[in-house]
file protein35.tsv (TSV, C-alpha atoms)
chain	number	residue	atom	x	y	z
A	1	MET	CA	139.88	165.18	103.92
A	2	LYS	CA	143.19	165.69	102.18
A	3	ASN	CA	143.27	167.91	99.10
A	4	ILE	CA	144.80	165.90	96.28
A	5	ILE	CA	145.00	167.54	92.86
A	6	LEU	CA	145.41	165.84	89.50
A	7	THR	CA	145.55	167.25	85.99
A	8	GLY	CA	147.26	166.41	82.72
A	9	ASP	CA	147.80	166.97	79.00
A	10	ARG	CA	147.58	164.85	75.87
A	11	PRO	CA	150.88	164.89	73.93
A	12	THR	CA	149.48	165.40	70.44
A	13	GLY	CA	151.42	168.60	69.84
A	14	PRO	CA	153.00	171.51	71.70
A	15	LEU	CA	150.66	173.35	74.05
A	16	HIS	CA	148.97	176.61	73.08
A	17	ILE	CA	147.65	179.64	74.95
A	18	GLY	CA	144.24	177.98	75.28
A	19	HIS	CA	145.92	175.32	77.41
A	20	TYR	CA	147.84	178.07	79.19
A	21	VAL	CA	144.85	180.13	80.37
A	22	GLY	CA	142.60	177.08	80.77
A	23	SER	CA	144.97	174.97	82.84
A	24	LEU	CA	148.73	175.67	82.89
A	25	ARG	CA	148.59	179.12	84.44
A	26	ASN	CA	146.08	177.93	87.01
A	27	ARG	CA	148.05	174.82	87.98
A	28	VAL	CA	151.19	176.89	88.58
A	29	LEU	CA	149.21	179.30	90.79
A	30	ILE	CA	147.82	176.35	92.76
A	31	GLN	CA	151.28	174.81	93.05
A	32	ASN	CA	152.83	178.03	94.36
A	33	LYS	CA	149.97	178.68	96.76
A	34	GLY	CA	150.62	175.26	98.30
A	35	ASP	CA	147.09	174.76	99.62
A	36	TYR	CA	147.07	171.01	98.95
A	37	ASP	CA	148.51	167.78	100.33
A	38	LYS	CA	149.61	166.27	97.02
A	39	MET	CA	149.57	167.39	93.39
A	40	TYR	CA	149.95	165.17	90.33
A	41	VAL	CA	150.46	166.36	86.76
A	42	PHE	CA	150.79	163.77	84.01
A	43	ILE	CA	151.34	163.38	80.29
A	44	ALA	CA	148.45	161.32	78.89
A	45	ASP	CA	150.31	159.47	76.15
A	46	SER	CA	148.13	156.34	76.38
A	47	GLN	CA	145.03	158.44	75.79
A	48	ALA	CA	146.74	160.27	72.93
A	49	LEU	CA	147.22	156.91	71.21
A	50	THR	CA	143.46	156.28	71.14
A	51	ASP	CA	143.18	158.56	68.10
A	52	ASN	CA	146.81	158.44	67.00
A	53	PHE	CA	147.31	154.66	67.14
A	54	ASN	CA	148.81	154.66	63.62
A	55	ASN	CA	151.29	157.42	64.44
A	56	PRO	CA	153.07	156.55	67.69
A	57	LYS	CA	156.07	158.73	66.76
A	58	LYS	CA	153.85	161.81	66.93
A	59	VAL	CA	152.87	160.93	70.49
A	60	ARG	CA	156.39	160.02	71.59
A	61	ASP	CA	157.94	163.18	70.15
A	62	ASN	CA	155.35	165.41	71.80
A	63	VAL	CA	155.92	163.99	75.28
A	64	LEU	CA	159.03	166.16	75.45
A	65	GLU	CA	157.18	169.13	73.91
A	66	VAL	CA	154.45	169.01	76.54
A	67	ALA	CA	156.96	168.56	79.34
A	68	LEU	CA	158.94	171.58	78.15
A	69	ASP	CA	155.78	173.71	78.02
A	70	ASN	CA	154.80	172.77	81.57
A	71	LEU	CA	158.23	173.35	83.04
A	72	ALA	CA	158.67	176.62	81.14
A	73	CYS	CA	155.38	177.89	82.59
A	74	GLY	CA	156.73	177.29	86.09
A	75	LEU	CA	155.82	173.73	87.03
A	76	ASP	CA	158.14	172.80	89.91
A	77	PRO	CA	159.01	169.08	90.20
A	78	SER	CA	160.02	169.60	93.82
A	79	LYS	CA	156.42	170.55	94.66
A	80	ILE	CA	154.45	168.20	92.39
A	81	THR	CA	154.67	164.66	90.98
A	82	TYR	CA	155.09	164.81	87.21
A	83	PHE	CA	154.72	161.49	85.38
A	84	ILE	CA	154.02	159.66	82.11
A	85	GLN	CA	150.70	157.80	81.96
A	86	SER	CA	151.80	154.73	79.98
A	87	GLU	CA	154.60	154.04	82.47
A	88	VAL	CA	152.02	153.44	85.21
A	89	PRO	CA	150.39	150.13	84.12
A	90	GLU	CA	148.15	150.13	87.18
A	91	LEU	CA	146.07	152.77	85.38
A	92	THR	CA	145.34	150.28	82.59
A	93	GLU	CA	144.28	147.66	85.14
A	94	LEU	CA	141.87	150.08	86.83
A	95	THR	CA	140.45	151.07	83.44
A	96	PHE	CA	139.69	147.41	82.73
A	97	TYR	CA	137.78	147.01	86.01
A	98	TYR	CA	135.87	150.26	85.53
A	99	MET	CA	134.71	149.26	82.03
A	100	ASN	CA	132.17	146.99	83.73
A	101	LEU	CA	130.65	149.97	85.56
A	102	VAL	CA	129.78	152.00	82.43
A	103	THR	CA	127.29	151.16	79.70
A	104	VAL	CA	127.84	151.76	75.99
A	105	SER	CA	124.77	154.03	75.90
A	106	ARG	CA	126.22	156.17	78.72
A	107	LEU	CA	129.45	156.65	76.79
A	108	HIS	CA	127.40	157.59	73.73
A	109	ARG	CA	125.76	160.38	75.72
A	110	ASN	CA	129.03	161.98	76.82
A	111	PRO	CA	128.95	165.36	74.99
A	112	THR	CA	132.73	165.75	74.90
A	113	VAL	CA	133.16	162.31	73.35
A	114	LYS	CA	130.43	163.06	70.80
A	115	GLU	CA	132.10	166.34	69.85
A	116	GLU	CA	135.55	164.79	69.57
A	117	ILE	CA	134.23	161.87	67.48
A	118	LYS	CA	132.69	164.34	65.03
A	119	LEU	CA	135.85	166.48	64.95
A	120	ARG	CA	138.01	163.47	64.07
A	121	GLY	CA	135.61	161.96	61.56
A	122	PHE	CA	135.10	158.78	63.58
A	123	GLU	CA	131.32	158.63	63.07
A	124	GLU	CA	131.45	155.51	60.89
A	125	SER	CA	134.24	153.66	62.67
A	126	ILE	CA	135.04	154.63	66.26
A	127	PRO	CA	138.13	153.05	67.83
A	128	ALA	CA	137.00	151.33	71.04
A	129	GLY	CA	139.84	152.89	73.00
A	130	PHE	CA	138.86	156.38	71.94
A	131	PHE	CA	135.19	155.76	72.64
A	132	ALA	CA	135.98	154.62	76.17
A	133	TYR	CA	138.68	157.11	77.09
A	134	PRO	CA	136.46	158.77	79.76
A	135	VAL	CA	136.85	155.48	81.65
A	136	SER	CA	140.62	155.80	81.35
A	137	GLN	CA	140.42	159.34	82.71
A	138	SER	CA	138.41	158.03	85.65
A	139	ALA	CA	141.24	155.58	86.36
A	140	ASP	CA	143.78	158.41	86.26
A	141	ILE	CA	141.80	160.47	88.75
A	142	THR	CA	140.87	157.71	91.18
A	143	ALA	CA	144.26	155.97	91.19
A	144	PHE	CA	145.63	158.91	93.14
A	145	LYS	CA	142.39	159.59	95.06
A	146	ALA	CA	142.28	163.09	93.63
A	147	ASN	CA	139.39	165.17	94.92
A	148	ILE	CA	140.25	168.30	92.91
A	149	VAL	CA	140.65	168.23	89.12
A	150	PRO	CA	141.48	171.56	87.40
A	151	VAL	CA	139.85	171.50	83.93
A	152	GLY	CA	138.29	173.62	81.20
A	153	ASP	CA	134.62	173.51	80.23
A	154	ASP	CA	135.12	170.72	77.70
A	155	GLN	CA	136.30	168.32	80.41
A	156	LEU	CA	133.33	168.76	82.74
A	157	PRO	CA	131.49	165.72	81.30
A	158	MET	CA	134.61	163.62	81.83
A	159	VAL	CA	134.84	164.45	85.52
A	160	GLU	CA	131.11	163.82	85.90
A	161	GLN	CA	131.65	160.38	84.37
A	162	ALA	CA	134.39	159.74	86.93
A	163	ARG	CA	132.05	160.77	89.74
A	164	GLU	CA	129.45	158.28	88.50
A	165	ILE	CA	132.02	155.48	88.38
A	166	VAL	CA	133.18	156.27	91.92
A	167	ARG	CA	129.64	156.22	93.26
A	168	ARG	CA	128.78	153.00	91.44
A	169	PHE	CA	131.96	151.23	92.54
A	170	ASN	CA	131.62	152.24	96.19
A	171	SER	CA	127.94	151.26	96.19
A	172	ILE	CA	128.35	147.85	94.53
A	173	TYR	CA	131.31	146.82	96.64
A	174	ASN	CA	130.12	148.50	99.85
A	175	THR	CA	133.31	150.47	100.32
A	176	ASP	CA	134.70	154.00	100.42
A	177	VAL	CA	137.92	153.13	98.63
A	178	LEU	CA	137.41	155.56	95.75
A	179	VAL	CA	137.17	159.34	96.22
A	180	GLU	CA	134.64	161.42	94.32
A	181	PRO	CA	136.40	164.25	92.44
A	182	ASN	CA	135.32	167.88	92.08
A	183	VAL	CA	136.27	170.25	89.27
A	184	LEU	CA	138.23	173.46	89.60
A	185	LEU	CA	137.48	175.88	86.75
A	186	PRO	CA	139.32	179.04	85.66
A	187	GLU	CA	137.55	182.20	86.78
A	188	THR	CA	136.10	183.45	83.48
A	189	GLU	CA	134.27	181.81	80.59
A	190	ASN	CA	136.88	183.03	78.09
A	191	GLU	CA	139.65	181.38	80.10
A	192	ARG	CA	137.71	178.12	80.39
A	193	ARG	CA	137.32	177.86	76.62
A	194	LEU	CA	139.50	180.31	74.71
A	195	VAL	CA	138.30	180.74	71.13
A	196	GLY	CA	140.64	180.16	68.21
A	197	THR	CA	142.35	182.96	66.29
A	198	ASP	CA	139.88	182.28	63.45
A	199	GLY	CA	136.85	182.84	65.68
A	200	ASN	CA	136.14	179.12	66.01
A	201	ALA	CA	134.49	178.20	69.29
A	202	LYS	CA	137.55	176.28	70.41
A	203	MET	CA	141.28	176.73	69.99
A	204	SER	CA	142.47	173.41	68.59
A	205	LYS	CA	145.68	171.97	67.20
A	206	SER	CA	143.73	170.11	64.53
A	207	LEU	CA	142.04	173.33	63.34
A	208	ASP	CA	145.36	175.20	63.11
A	209	ASN	CA	143.94	178.24	64.92
A	210	CYS	CA	146.36	178.32	67.85
A	211	ILE	CA	149.10	180.51	69.25
A	212	TYR	CA	151.63	178.09	70.72
A	213	LEU	CA	153.72	178.77	73.80
A	214	LYS	CA	156.83	177.99	71.72
A	215	ASP	CA	155.91	180.41	68.90
A	216	SER	CA	158.52	182.99	67.99
A	217	GLU	CA	157.91	186.71	68.34
A	218	GLU	CA	157.35	186.94	64.58
A	219	GLU	CA	154.86	184.05	64.57
A	220	ILE	CA	152.83	185.56	67.41
A	221	LYS	CA	152.69	188.91	65.62
A	222	ARG	CA	151.60	187.31	62.35
A	223	LYS	CA	148.80	185.37	64.06
A	224	VAL	CA	147.57	188.38	66.03
A	225	PHE	CA	147.54	190.62	62.96
A	226	SER	CA	145.50	188.02	61.03
A	227	MET	CA	142.80	187.74	63.73
A	228	TYR	CA	139.14	188.32	62.96
A	229	THR	CA	137.58	191.47	64.39
A	230	ASP	CA	134.24	193.05	63.46
A	231	PRO	CA	133.46	192.46	59.74
A	232	ASN	CA	131.31	195.61	59.69
A	233	HIS	CA	134.12	197.79	61.05
A	234	ILE	CA	135.45	198.67	57.61
A	235	LYS	CA	136.60	202.26	58.13
A	236	VAL	CA	138.33	203.66	61.19
A	237	GLU	CA	135.42	206.01	61.86
A	238	ASP	CA	132.86	203.18	61.77
A	239	PRO	CA	131.38	202.09	65.12
A	240	GLY	CA	132.73	198.67	66.07
A	241	GLN	CA	131.36	195.71	67.95
A	242	VAL	CA	133.31	194.42	70.93
A	243	GLU	CA	131.19	191.35	71.65
A	244	GLY	CA	132.42	188.42	69.57
A	245	ASN	CA	135.48	190.40	68.48
A	246	ILE	CA	138.38	187.98	68.95
A	247	VAL	CA	140.96	190.69	69.67
A	248	PHE	CA	138.90	192.01	72.58
A	249	THR	CA	138.21	188.47	73.78
A	250	TYR	CA	141.97	187.93	74.07
A	251	LEU	CA	142.47	191.32	75.71
A	252	ASP	CA	139.86	190.35	78.32
A	253	VAL	CA	142.01	187.33	79.18
A	254	PHE	CA	145.55	188.69	78.91
A	255	CYS	CA	145.38	192.43	79.58
A	256	LYS	CA	146.82	193.47	82.96
A	257	GLU	CA	146.41	196.58	85.09
A	258	ASP	CA	149.70	198.07	83.92
A	259	SER	CA	149.34	197.08	80.25
A	260	PHE	CA	147.94	200.47	79.24
A	261	GLU	CA	150.61	202.44	81.07
A	262	LYS	CA	153.25	200.42	79.22
A	263	TYR	CA	151.81	200.12	75.73
A	264	LEU	CA	148.75	202.38	75.26
A	265	PRO	CA	148.97	205.26	77.76
A	266	GLU	CA	146.23	207.34	76.09
A	267	TYR	CA	143.69	204.96	77.67
A	268	LYS	CA	143.24	204.30	81.38
A	269	ASN	CA	141.84	200.79	81.06
A	270	LEU	CA	140.17	198.24	78.80
A	271	ASP	CA	136.71	199.70	79.33
A	272	GLU	CA	137.85	203.03	77.88
A	273	LEU	CA	139.35	201.25	74.87
A	274	LYS	CA	136.14	199.30	74.28
A	275	ASP	CA	134.01	202.44	74.55
A	276	HIS	CA	136.14	204.21	71.93
A	277	TYR	CA	135.91	201.23	69.58
A	278	ARG	CA	132.12	201.12	69.97
A	279	ARG	CA	131.83	204.86	69.19
A	280	GLY	CA	134.08	204.64	66.16
A	281	GLY	CA	137.37	206.34	65.40
A	282	LEU	CA	139.59	203.47	66.53
A	283	GLY	CA	141.26	201.23	63.94
A	284	ASP	CA	141.64	197.46	64.15
A	285	MET	CA	145.39	197.60	63.65
A	286	LYS	CA	145.84	199.77	66.73
A	287	ILE	CA	144.10	197.27	69.00
A	288	LYS	CA	145.95	194.39	67.32
A	289	ARG	CA	149.29	196.10	67.96
A	290	PHE	CA	148.27	196.54	71.58
A	291	LEU	CA	147.27	192.87	71.91
A	292	ASN	CA	150.54	191.83	70.31
A	293	ASP	CA	152.50	193.86	72.90
A	294	VAL	CA	150.48	192.29	75.74
A	295	LEU	CA	150.94	188.73	74.45
A	296	GLN	CA	154.65	189.21	73.75
A	297	GLU	CA	155.18	190.33	77.35
A	298	GLU	CA	153.29	187.30	78.69
A	299	LEU	CA	154.88	184.67	76.46
A	300	ARG	CA	158.47	185.91	76.08
A	301	PRO	CA	159.77	184.60	79.46
A	302	ILE	CA	158.01	181.27	78.89
A	303	ARG	CA	159.59	180.90	75.46
A	304	GLU	CA	163.05	181.83	76.79
A	305	ARG	CA	162.84	179.30	79.65
A	306	ARG	CA	161.60	176.69	77.20
A	307	GLU	CA	164.54	177.25	74.88
A	308	GLU	CA	166.98	176.78	77.76
A	309	LEU	CA	165.27	173.58	78.96
A	310	ALA	CA	165.24	172.17	75.43
A	311	LYS	CA	169.04	172.20	75.45
A	312	ASN	CA	169.01	169.48	78.14
A	313	PRO	CA	166.32	166.88	77.34
A	314	GLU	CA	167.98	164.35	79.65
A	315	TYR	CA	167.24	166.63	82.62
A	316	VAL	CA	163.59	166.81	81.58
A	317	PHE	CA	163.24	163.04	81.19
A	318	ASN	CA	164.88	162.45	84.57
A	319	ILE	CA	162.17	164.62	86.14
A	320	LEU	CA	159.54	162.47	84.43
A	321	LYS	CA	161.27	159.23	85.42
A	322	GLU	CA	161.48	160.16	89.10
A	323	GLY	CA	157.89	161.37	89.14
A	324	THR	CA	156.65	158.24	87.40
A	325	LEU	CA	158.25	155.99	90.02
A	326	LYS	CA	156.43	157.91	92.77
A	327	ALA	CA	153.15	157.84	90.84
A	328	ARG	CA	153.36	154.11	90.24
A	329	LYS	CA	153.88	153.42	93.93
A	330	LYS	CA	150.73	155.34	94.84
A	331	ALA	CA	148.65	153.82	92.02
A	332	SER	CA	149.75	150.35	93.09
A	333	GLU	CA	148.42	150.97	96.60
A	334	THR	CA	145.05	151.99	95.17
A	335	VAL	CA	144.88	148.91	92.93
A	336	LYS	CA	145.41	146.68	95.95
A	337	GLU	CA	142.52	148.38	97.77
A	338	VAL	CA	140.28	148.13	94.70
A	339	LYS	CA	141.04	144.42	94.22
A	340	LYS	CA	140.40	143.73	97.88
A	341	ALA	CA	137.01	145.43	97.63
A	342	MET	CA	136.26	143.32	94.52
A	343	MET	CA	137.38	140.12	96.32
A	344	LEU	CA	140.27	139.64	93.92
A	345	ASP	CA	142.94	139.54	96.64
A	346	TYR	CA	143.54	135.78	96.40
A	347	PHE	CA	147.05	135.66	97.78
A	348	GLU	CA	146.87	138.34	100.44
call {"tool": "encode", "arguments": {"input": "protein35.tsv", "output": "structure tokens"}}
result
Amino acid sequence: MKNIILTGDRPTGPLHIGHYVGSLRNRVLIQNKGDYDKMYVFIADSQALTDNFNNPKKVRDNVLEVALDNLACGLDPSKITYFIQSEVPELTELTFYYMNLVTVSRLHRNPTVKEEIKLRGFEESIPAGFFAYPVSQSADITAFKANIVPVGDDQLPMVEQAREIVRRFNSIYNTDVLVEPNVLLPETENERRLVGTDGNAKMSKSLDNCIYLKDSEEEIKRKVFSMYTDPNHIKVEDPGQVEGNIVFTYLDVFCKEDSFEKYLPEYKNLDELKDHYRRGGLGDMKIKRFLNDVLQEELRPIRERREELAKNPEYVFNILKEGTLKARKKASETVKEVKKAMMLDYFE
């Protein structure tokens, strides 16, 4: 079977380092490895409207922001198909058909939906589009017959919902038109769900606990220096706790083999640094300065490429336009197969 990859981002704001380690960095590695037949990356503006329906300008403005972040991280439009969701109306048609394959109670049980509803204060009045956006995601995946979907932990229930829809559709209509997707997770738990700078379980735009890929050097430094560490590590000589310490969590994700040689040569590796912190005698500001150096090295080239791309938005939108035309052609082929299986091909 062909390996077809699909992943995407909601344009509700610029992307942050949680997106970077959870998806962006991984998708660029996959792209450059080339071990796939087709790869689709899309901007999920239709889904972003499900909880921003009264602020379409926010969604529209952030389409460019998200595109800049992806391209700055190394997304290559010559190797992948990059498109805008709302410009592929076939996805809406598939969503409508799939709505009949999912019950309201099943959507209620989706843990990601439940968490997002609580986060947005929708408990009393849930927009129907937001409630059913796992069905829309299923349409996105199946329209391109993707069998590999790179995601973070929070999206696992969404892909499982897509798998259920595929199985139900193929069973009811006695076909193999739709392809059941599998997830591709980042290697470590911290990468799959990077905690916020405030120690919150999830880095989130709405919680304002993010380091954005577009942040300036000064902004990154300010956010790193304000991070939570061990509240009981009051004096330098006090023993410190590494587990649950946000600075060390980030070092686990971003520290490289040569980071110590460059920025903290008195230590051989991260294990040595952790051991010293646990014993006591190592101040929080020293490890924060080290983390700042590591993050600045990682994010500086991304920010510089982003600034150059931002000078030519027409170039960016042409990439999206060309990719969208290709995506629509493929989605249209799938819709024809789906309608034939459902006996809706009246004029064929």
call {"tool": "residues_around", "arguments": {"input": "protein35.tsv", "residues": "stretch 165-176 of chain A", "least_positions_apart": "4", "cutoff": "8 Å", "atoms": "all atoms listed in the file", "output": "MDAnalysis selection string"}}
result
chainID A and resid 98 101:102 138 142 161 180 341:342
call {"tool": "residues_around", "arguments": {"input": "protein35.tsv", "residues": "A:Leu6", "least_positions_apart": "5", "cutoff": "12 Å", "atoms": "only C-alpha atoms", "output": "PDB file with C-alpha atoms, in the coordinates of the input"}}
result
ATOM      1  CA  SER A  23     144.970 174.970  82.840  1.00  0.00           C
ATOM      2  CA  ARG A  27     148.050 174.820  87.980  1.00  0.00           C
ATOM      3  CA  ILE A  30     147.820 176.350  92.760  1.00  0.00           C
ATOM      4  CA  GLN A  31     151.280 174.810  93.050  1.00  0.00           C
ATOM      5  CA  TYR A  36     147.070 171.010  98.950  1.00  0.00           C
ATOM      6  CA  ASP A  37     148.510 167.780 100.330  1.00  0.00           C
ATOM      7  CA  LYS A  38     149.610 166.270  97.020  1.00  0.00           C
ATOM      8  CA  MET A  39     149.570 167.390  93.390  1.00  0.00           C
ATOM      9  CA  TYR A  40     149.950 165.170  90.330  1.00  0.00           C
ATOM     10  CA  VAL A  41     150.460 166.360  86.760  1.00  0.00           C
ATOM     11  CA  PHE A  42     150.790 163.770  84.010  1.00  0.00           C
ATOM     12  CA  ILE A  43     151.340 163.380  80.290  1.00  0.00           C
ATOM     13  CA  ALA A  44     148.450 161.320  78.890  1.00  0.00           C
ATOM     14  CA  ILE A  80     154.450 168.200  92.390  1.00  0.00           C
ATOM     15  CA  THR A  81     154.670 164.660  90.980  1.00  0.00           C
ATOM     16  CA  TYR A  82     155.090 164.810  87.210  1.00  0.00           C
ATOM     17  CA  PHE A  83     154.720 161.490  85.380  1.00  0.00           C
ATOM     18  CA  GLN A 137     140.420 159.340  82.710  1.00  0.00           C
ATOM     19  CA  SER A 138     138.410 158.030  85.650  1.00  0.00           C
ATOM     20  CA  ALA A 139     141.240 155.580  86.360  1.00  0.00           C
ATOM     21  CA  ASP A 140     143.780 158.410  86.260  1.00  0.00           C
ATOM     22  CA  ILE A 141     141.800 160.470  88.750  1.00  0.00           C
ATOM     23  CA  THR A 142     140.870 157.710  91.180  1.00  0.00           C
ATOM     24  CA  ALA A 143     144.260 155.970  91.190  1.00  0.00           C
ATOM     25  CA  PHE A 144     145.630 158.910  93.140  1.00  0.00           C
ATOM     26  CA  LYS A 145     142.390 159.590  95.060  1.00  0.00           C
ATOM     27  CA  ALA A 146     142.280 163.090  93.630  1.00  0.00           C
ATOM     28  CA  ASN A 147     139.390 165.170  94.920  1.00  0.00           C
ATOM     29  CA  ILE A 148     140.250 168.300  92.910  1.00  0.00           C
ATOM     30  CA  VAL A 149     140.650 168.230  89.120  1.00  0.00           C
ATOM     31  CA  PRO A 150     141.480 171.560  87.400  1.00  0.00           C
ATOM     32  CA  VAL A 151     139.850 171.500  83.930  1.00  0.00           C
ATOM     33  CA  VAL A 159     134.840 164.450  85.520  1.00  0.00           C
ATOM     34  CA  PRO A 181     136.400 164.250  92.440  1.00  0.00           C
ATOM     35  CA  ASN A 182     135.320 167.880  92.080  1.00  0.00           C
ATOM     36  CA  VAL A 183     136.270 170.250  89.270  1.00  0.00           C
ATOM     37  CA  LEU A 184     138.230 173.460  89.600  1.00  0.00           C
ATOM     38  CA  ALA A 327     153.150 157.840  90.840  1.00  0.00           C
TER      39      ALA A 327
END
call {"tool": "closest_atom_pairs", "arguments": {"input": "protein35.tsv", "of": "stretch 288-321 of chain A", "to": "stretch 68-77 of chain A", "cutoff": "9 Å", "atoms": "all atoms listed in the file", "output": "CSV"}}
result
residue,atom,partner,partner_atom,distance
A:Pro301,CA,A:Ala72,CA,8.2
A:Ile302,CA,A:Ala72,CA,5.2
A:Arg303,CA,A:Ala72,CA,7.2
A:Glu304,CA,A:Ala72,CA,8.1
A:Arg305,CA,A:Ala72,CA,5.2
A:Arg306,CA,A:Ala72,CA,4.9
A:Glu307,CA,A:Ala72,CA,8.6
A:Glu308,CA,A:Ala72,CA,9.0
A:Leu309,CA,A:Leu68,CA,6.7
A:Ala310,CA,A:Leu68,CA,6.9
A:Pro313,CA,A:Leu68,CA,8.8
A:Val316,CA,A:Leu68,CA,7.5
A:Ile319,CA,A:Pro77,CA,6.8
A:Leu320,CA,A:Pro77,CA,8.8
call {"tool": "residues_around", "arguments": {"input": "protein35.tsv", "residues": "A:Lys274", "least_positions_apart": "5", "cutoff": "12 Å", "atoms": "all atoms listed in the file", "output": "compact mmCIF listing (two decimals) with C-alpha atoms, keeping the file's coordinate frame"}}
result
# COMPACT_ATOMS: atom_id res chain seq x y z
CA PRO A 239 131.38 202.09 65.12
CA GLY A 240 132.73 198.67 66.07
CA GLN A 241 131.36 195.71 67.95
CA VAL A 242 133.31 194.42 70.93
CA GLU A 243 131.19 191.35 71.65
CA ASN A 245 135.48 190.40 68.48
CA VAL A 247 140.96 190.69 69.67
CA PHE A 248 138.90 192.01 72.58
CA THR A 249 138.21 188.47 73.78
CA LEU A 251 142.47 191.32 75.71
CA ASP A 252 139.86 190.35 78.32
CA TYR A 267 143.69 204.96 77.67
CA LYS A 268 143.24 204.30 81.38
CA ASN A 269 141.84 200.79 81.06
CA ARG A 279 131.83 204.86 69.19
CA GLY A 280 134.08 204.64 66.16
CA GLY A 281 137.37 206.34 65.40
CA LEU A 282 139.59 203.47 66.53
CA GLY A 283 141.26 201.23 63.94
CA ASP A 284 141.64 197.46 64.15
CA ILE A 287 144.10 197.27 69.00
call {"tool": "closest_residue", "arguments": {"input": "protein35.tsv", "among": "A:Asp51, A:Glu93, A:Glu187, A:Asp61", "to": "A:Gly121", "atoms": "only C-alpha atoms"}}
result
A:Asp51
call {"tool": "residues_around", "arguments": {"input": "protein35.tsv", "residues": "A:Leu299", "least_positions_apart": "3", "cutoff": "9 Å", "atoms": "all atoms listed in the file", "output": "MDAnalysis selection string"}}
result
chainID A and resid 17 213:215 217 294:296 302:304
call {"tool": "closest_residue", "arguments": {"input": "protein35.tsv", "among": "A:Leu207, A:Leu325, A:Leu91, A:Ile84", "to": "A:Asn62", "atoms": "all atoms listed in the file"}}
result
A:Ile84
call {"tool": "atom_distance", "arguments": {"input": "protein35.tsv", "atom1": "atom CA of A:Thr50", "atom2": "atom CA of A:Gly129"}}
result
5.3 Å
call {"tool": "atom_distance", "arguments": {"input": "protein35.tsv", "atom1": "atom CA of A:Ile126", "atom2": "atom CA of A:Asp198"}}
result
28.2 Å
call {"tool": "closest_residue", "arguments": {"input": "protein35.tsv", "among": "A:Met227, A:Ile220, A:Val66, A:Val338", "to": "A:Asp293", "atoms": "only C-alpha atoms"}}
result
A:Ile220
call {"tool": "residues_around", "arguments": {"input": "protein35.tsv", "residues": "stretch 154-157 of chain A", "least_positions_apart": "4", "cutoff": "7 Å", "atoms": "only C-alpha atoms", "output": "compact mmCIF listing (two decimals) with C-alpha atoms, keeping the file's coordinate frame"}}
result
# COMPACT_ATOMS: atom_id res chain seq x y z
CA ASN A 110 129.03 161.98 76.82
CA PRO A 111 128.95 165.36 74.99
CA THR A 112 132.73 165.75 74.90
CA GLN A 161 131.65 160.38 84.37
call {"tool": "closest_residue", "arguments": {"input": "protein35.tsv", "among": "A:Leu64, A:Lys79, A:His19, A:Thr7", "to": "A:Met203", "atoms": "all atoms listed in the file"}}
result
A:His19
call {"tool": "closest_residue", "arguments": {"input": "protein35.tsv", "among": "A:Asn292, A:Ser46, A:Ala162, A:Glu266", "to": "A:Val179", "atoms": "all atoms listed in the file"}}
result
A:Ala162
call {"tool": "axis_aligned_box", "arguments": {"input": "protein35.tsv", "around": "stretch 275-280 of chain A", "padding_each_side": "8 Å", "output": "JSON"}}
result
{"center_x": 134.0, "center_y": 203.0, "center_z": 70.4, "size_x": 20.3, "size_y": 19.7, "size_z": 24.4}
call {"tool": "atom_distance", "arguments": {"input": "protein35.tsv", "atom1": "atom CA of A:Phe347", "atom2": "atom CA of A:Val335"}}
result
14.3 Å
call {"tool": "closest_residue", "arguments": {"input": "protein35.tsv", "among": "A:Ser105, A:Gln85, A:Asn52, A:Asn209", "to": "A:Thr12", "atoms": "all atoms listed in the file"}}
result
A:Asn52
call {"tool": "decode", "arguments": {"input": "protein35.tsv", "residues": "stretch 75-87 of chain A", "atoms": "C-alpha atoms", "output": "CSV table (one decimal), in the first residue's frame"}}
result
chain,number,residue,atom,x,y,z
A,75,LEU,CA,8.5,22.8,4.6
A,76,ASP,CA,9.3,22.4,0.9
A,77,PRO,CA,6.4,23.0,-1.6
A,78,SER,CA,8.2,21.0,-4.2
A,79,LYS,CA,8.0,17.9,-2.1
A,80,ILE,CA,4.6,18.3,-0.5
A,81,THR,CA,1.1,19.6,-1.3
A,82,TYR,CA,0.3,22.6,0.9
A,83,PHE,CA,-3.3,23.8,0.7
A,84,ILE,CA,-6.1,25.8,2.4
A,85,GLN,CA,-9.0,23.6,3.7
A,86,SER,CA,-11.9,26.0,2.9
A,87,GLU,CA,-10.8,26.1,-0.7
